[in-house]
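One file, start.cif, carrying mmCIF, C-alpha atoms:
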data_model
#
loop_
_atom_site.group_PDB
_atom_site.id
_atom_site.type_symbol
_atom_site.label_atom_id
_atom_site.label_comp_id
_atom_site.auth_asym_id
_atom_site.auth_seq_id
_atom_site.Cartn_x
_atom_site.Cartn_y
_atom_site.Cartn_z
ATOM 1 C CA MET A 277 -44.496 -22.266 -25.195
ATOM 2 C CA PHE A 278 -41.671 -19.781 -24.514
ATOM 3 C CA ASP A 279 -39.199 -21.695 -26.641
ATOM 4 C CA ASP A 280 -41.386 -22.092 -29.740
ATOM 5 C CA GLU A 281 -39.576 -20.417 -32.634
ATOM 6 C CA ASN A 282 -42.811 -20.300 -34.677
ATOM 7 C CA THR A 283 -44.760 -18.259 -32.098
ATOM 8 C CA GLN A 284 -44.918 -14.463 -32.212
ATOM 9 C CA TYR A 285 -43.754 -12.836 -28.992
ATOM 10 C CA LEU A 286 -43.741 -9.399 -27.457
ATOM 11 C CA VAL A 287 -40.808 -7.823 -25.691
ATOM 12 C CA VAL A 288 -42.191 -6.793 -22.308
ATOM 13 C CA ILE A 289 -40.858 -4.566 -19.543
ATOM 14 C CA ASN A 290 -41.913 -4.127 -15.935
ATOM 15 C CA GLY A 291 -41.751 -1.167 -13.552
ATOM 16 C CA GLU A 292 -38.230 -2.153 -12.495
ATOM 17 C CA GLU A 293 -37.138 -1.913 -16.159
ATOM 18 C CA GLN A 294 -36.533 -5.648 -16.388
ATOM 19 C CA TYR A 295 -37.215 -7.275 -19.759
ATOM 20 C CA SER A 296 -38.722 -10.551 -20.844
ATOM 21 C CA ILE A 297 -40.673 -12.065 -23.722
ATOM 22 C CA TRP A 298 -44.355 -12.965 -23.715
ATOM 23 C CA PRO A 299 -46.481 -14.846 -26.266
ATOM 24 C CA ALA A 300 -48.377 -12.226 -28.277
ATOM 25 C CA VAL A 301 -51.600 -14.287 -28.154
ATOM 26 C CA ARG A 302 -51.766 -14.183 -24.335
ATOM 27 C CA ASP A 303 -52.847 -11.315 -22.089
ATOM 28 C CA LEU A 304 -49.918 -9.520 -20.487
ATOM 29 C CA PRO A 305 -49.313 -10.283 -16.827
ATOM 30 C CA ASN A 306 -50.014 -7.492 -14.333
ATOM 31 C CA GLY A 307 -47.198 -4.986 -14.066
ATOM 32 C CA TRP A 308 -45.775 -5.628 -17.545
ATOM 33 C CA ALA A 309 -46.074 -3.519 -20.714
ATOM 34 C CA SER A 310 -45.201 -4.443 -24.285
ATOM 35 C CA VAL A 311 -42.369 -2.789 -26.168
ATOM 36 C CA GLY A 312 -43.007 -2.742 -29.908
ATOM 37 C CA ASP A 313 -44.924 -5.114 -32.126
ATOM 38 C CA PRO A 314 -45.081 -8.917 -32.061
ATOM 39 C CA ARG A 315 -42.073 -10.607 -33.635
ATOM 40 C CA PRO A 316 -40.278 -13.943 -33.703
ATOM 41 C CA ARG A 317 -38.674 -15.158 -30.491
ATOM 42 C CA ARG A 318 -35.109 -14.705 -31.723
ATOM 43 C CA GLU A 319 -35.758 -11.058 -32.706
ATOM 44 C CA CYS A 320 -37.239 -10.380 -29.276
ATOM 45 C CA LEU A 321 -34.243 -11.903 -27.514
ATOM 46 C CA ASP A 322 -31.815 -9.998 -29.747
ATOM 47 C CA HIS A 323 -33.632 -6.750 -28.968
ATOM 48 C CA ILE A 324 -33.466 -7.417 -25.222
ATOM 49 C CA GLU A 325 -29.767 -8.204 -25.454
ATOM 50 C CA ARG A 326 -29.155 -4.855 -27.192
ATOM 51 C CA VAL A 327 -31.200 -2.651 -24.862
ATOM 52 C CA TRP A 328 -30.952 -4.310 -21.429
ATOM 53 C CA THR A 329 -27.336 -3.559 -20.656
ATOM 54 C CA ASP A 330 -27.694 -3.048 -16.902
ATOM 55 C CA MET A 331 -29.412 -5.994 -15.218
ATOM 56 C CA ARG A 332 -29.867 -4.230 -11.888
ATOM 57 C CA PRO A 333 -33.509 -3.375 -11.140
ATOM 58 C CA LYS A 334 -34.398 0.310 -11.459
ATOM 59 C CA SER A 335 -34.887 0.688 -7.692
ATOM 60 C CA VAL A 336 -31.370 -0.626 -7.031
ATOM 61 C CA ARG A 337 -29.818 1.697 -9.632
ATOM 62 C CA LYS A 338 -31.638 4.692 -8.168
ATOM 63 C CA ALA A 339 -30.661 3.795 -4.602
ATOM 64 C CA LEU A 340 -27.018 3.572 -5.621
ATOM 65 C CA GLU A 341 -27.190 6.867 -7.514
ATOM 66 C CA ASN A 342 -28.730 8.581 -4.492
ATOM 67 C CA SER A 343 -26.324 7.259 -1.897
ATOM 68 C CA GLY A 344 -22.981 6.961 -3.697
ATOM 69 C CA SER A 345 -20.789 3.988 -4.450
ATOM 70 C CA LEU A 346 -21.025 0.622 -2.729
ATOM 71 C CA THR A 347 -17.747 1.366 -0.975
ATOM 72 C CA ALA A 348 -19.106 4.632 0.364
ATOM 73 C CA GLN A 349 -22.327 2.901 1.441
ATOM 74 C CA GLY A 350 -20.423 0.222 3.318
ATOM 75 C CA SER A 351 -18.194 2.838 4.896
ATOM 76 C CA ARG A 352 -21.204 4.828 5.997
ATOM 77 C CA MET A 353 -22.738 1.735 7.602
ATOM 78 C CA VAL A 354 -19.554 0.999 9.559
ATOM 79 C CA LEU A 355 -19.009 4.601 10.525
ATOM 80 C CA SER A 356 -22.615 5.116 11.532
ATOM 81 C CA GLN A 357 -21.725 3.089 14.618
ATOM 82 C CA LEU A 358 -18.846 5.466 15.418
ATOM 83 C CA VAL A 359 -19.928 8.921 14.281
ATOM 84 C CA ASP A 360 -22.990 11.116 14.804
ATOM 85 C CA ALA A 361 -25.442 10.650 11.897
ATOM 86 C CA ASP A 362 -25.417 14.337 10.869
ATOM 87 C CA ASP A 363 -21.616 14.419 10.829
ATOM 88 C CA LEU A 364 -21.560 11.194 8.826
ATOM 89 C CA LYS A 365 -23.927 12.564 6.167
ATOM 90 C CA ALA A 366 -21.688 15.586 5.708
ATOM 91 C CA MET A 367 -18.532 13.535 5.118
ATOM 92 C CA SER A 368 -17.065 13.208 1.660
ATOM 93 C CA PRO A 369 -15.991 9.792 0.289
ATOM 94 C CA GLU A 370 -12.364 10.806 0.920
ATOM 95 C CA GLU A 371 -13.092 11.641 4.557
ATOM 96 C CA LEU A 372 -14.834 8.276 4.934
ATOM 97 C CA ARG A 373 -11.857 6.424 3.446
ATOM 98 C CA ASN A 374 -9.434 8.269 5.720
ATOM 99 C CA MET A 375 -11.479 7.497 8.807
ATOM 100 C CA LEU A 376 -11.681 3.812 7.872
ATOM 101 C CA ALA A 377 -7.940 3.720 7.161
ATOM 102 C CA ASN A 378 -7.310 4.929 10.701
ATOM 103 C CA LEU A 379 -9.387 2.191 12.303
ATOM 104 C CA ASP A 380 -7.401 -0.510 14.054
ATOM 105 C CA ASP A 381 -8.486 -3.714 12.308
ATOM 106 C CA ASP A 382 -6.595 -6.001 14.688
ATOM 107 C CA VAL A 383 -9.083 -5.630 17.523
ATOM 108 C CA ILE A 384 -12.703 -4.758 18.165
ATOM 109 C CA TYR A 385 -13.397 -2.091 20.764
ATOM 110 C CA GLY A 386 -16.462 -1.690 22.941
ATOM 111 C CA ASP A 387 -18.277 1.570 23.661
ATOM 112 C CA ASP A 388 -16.011 2.102 26.662
ATOM 113 C CA GLY A 389 -12.888 1.873 24.464
ATOM 114 C CA ASN A 390 -11.764 -1.477 25.881
ATOM 115 C CA ILE A 391 -10.916 -4.404 23.639
ATOM 116 C CA ILE A 392 -13.853 -6.801 23.614
ATOM 117 C CA GLU A 393 -12.838 -9.393 21.044
ATOM 118 C CA PRO A 394 -9.750 -10.229 19.013
ATOM 119 C CA ASN A 395 -10.366 -10.077 15.290
ATOM 120 C CA PRO A 396 -9.973 -13.645 13.943
ATOM 121 C CA GLY A 397 -9.707 -12.387 10.360
ATOM 122 C CA ASN A 398 -5.940 -11.970 10.536
ATOM 123 C CA GLY A 399 -5.068 -15.641 10.794
ATOM 124 C CA ALA A 400 -5.309 -15.877 14.577
ATOM 125 C CA ALA A 401 -6.547 -19.261 15.734
#
Conversion result in structure tokens:
Amino acid sequence: MFDDENTQYLVVINGEEQYSIWPAVRDLPNGWASVGDPRPRRECLDHIERVWTDMRPKSVRKALENSGSLTAQGSRMVLSQLVDADDLKAMSPEELRNMLANLDDDVIYGDDGNIIEPNPGNGAA
């Protein structure tokens, strides 16, 4: 039914701002709202292609906006094991990059500062 070019469809959107099409003659599924009037399938798909330029769900976009770039997020996760949480929150992205640049990536250290495991990522067998 979703590939019938003779059926009228609705463009629908959910709470995560994800789009789809839905046959106009059927009740909308829970959590979805229609955008505009019924129209042919191709028009619906063209509309979605024009307006849905960022495929990430709304919750993911908001989380990224609130916590910085993916690089900064990853840095914060790594550094959270090394730095007090309040100090970590106060660091700028540049401070995070500098701290990561100073980490010795050839070895892994334990809490006592002793080497606990060689890092096999550098070609060591």
Residue with the minimum atom-to-atom distance to A:Tyr295, picked from A:Asp280, A:Glu325, A:Glu319, A:Asp313 with all atoms listed in the file counted, is A:Glu325
re atom CA of A:Gly291 and atom CA of A:Arg332: distance 12.4 Å
Point to revise | Straight-line distance linking atom CA of A:Glu292 with atom CA of A:Lys338, stated in Å to one decimal | key: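 These two atoms are separated by 10.4 Å.
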* Asked: In Å to one decimal, how far is atom CA of A:Ile289 from atom CA of A:Pro314?
  ->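 These two atoms are separated by 13.9 Å.
Among A:Glu341, A:Asn282, A:Gly312, A:Pro299, the residue with the shortest atom-to-atom distance to A:Ile324, counting only C-alpha atoms, is A:Gly312.
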Check: Restricting the calculation to only C-alpha atoms, which member of A:Ser310, A:Gln294, A:Asp303, A:Pro316 is positioned closest to A:Asp330?
Finding: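 Smallest separation from A:Asp330 among the options: A:Gln294.
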### Message
Could you list, as a VMD selection string, every residue within 9 Å of A:Val301, counting all atoms listed in the file and ignoring same-chain residues fewer than 3 positions away?
### Response
chain A and resid 283 to 285 298
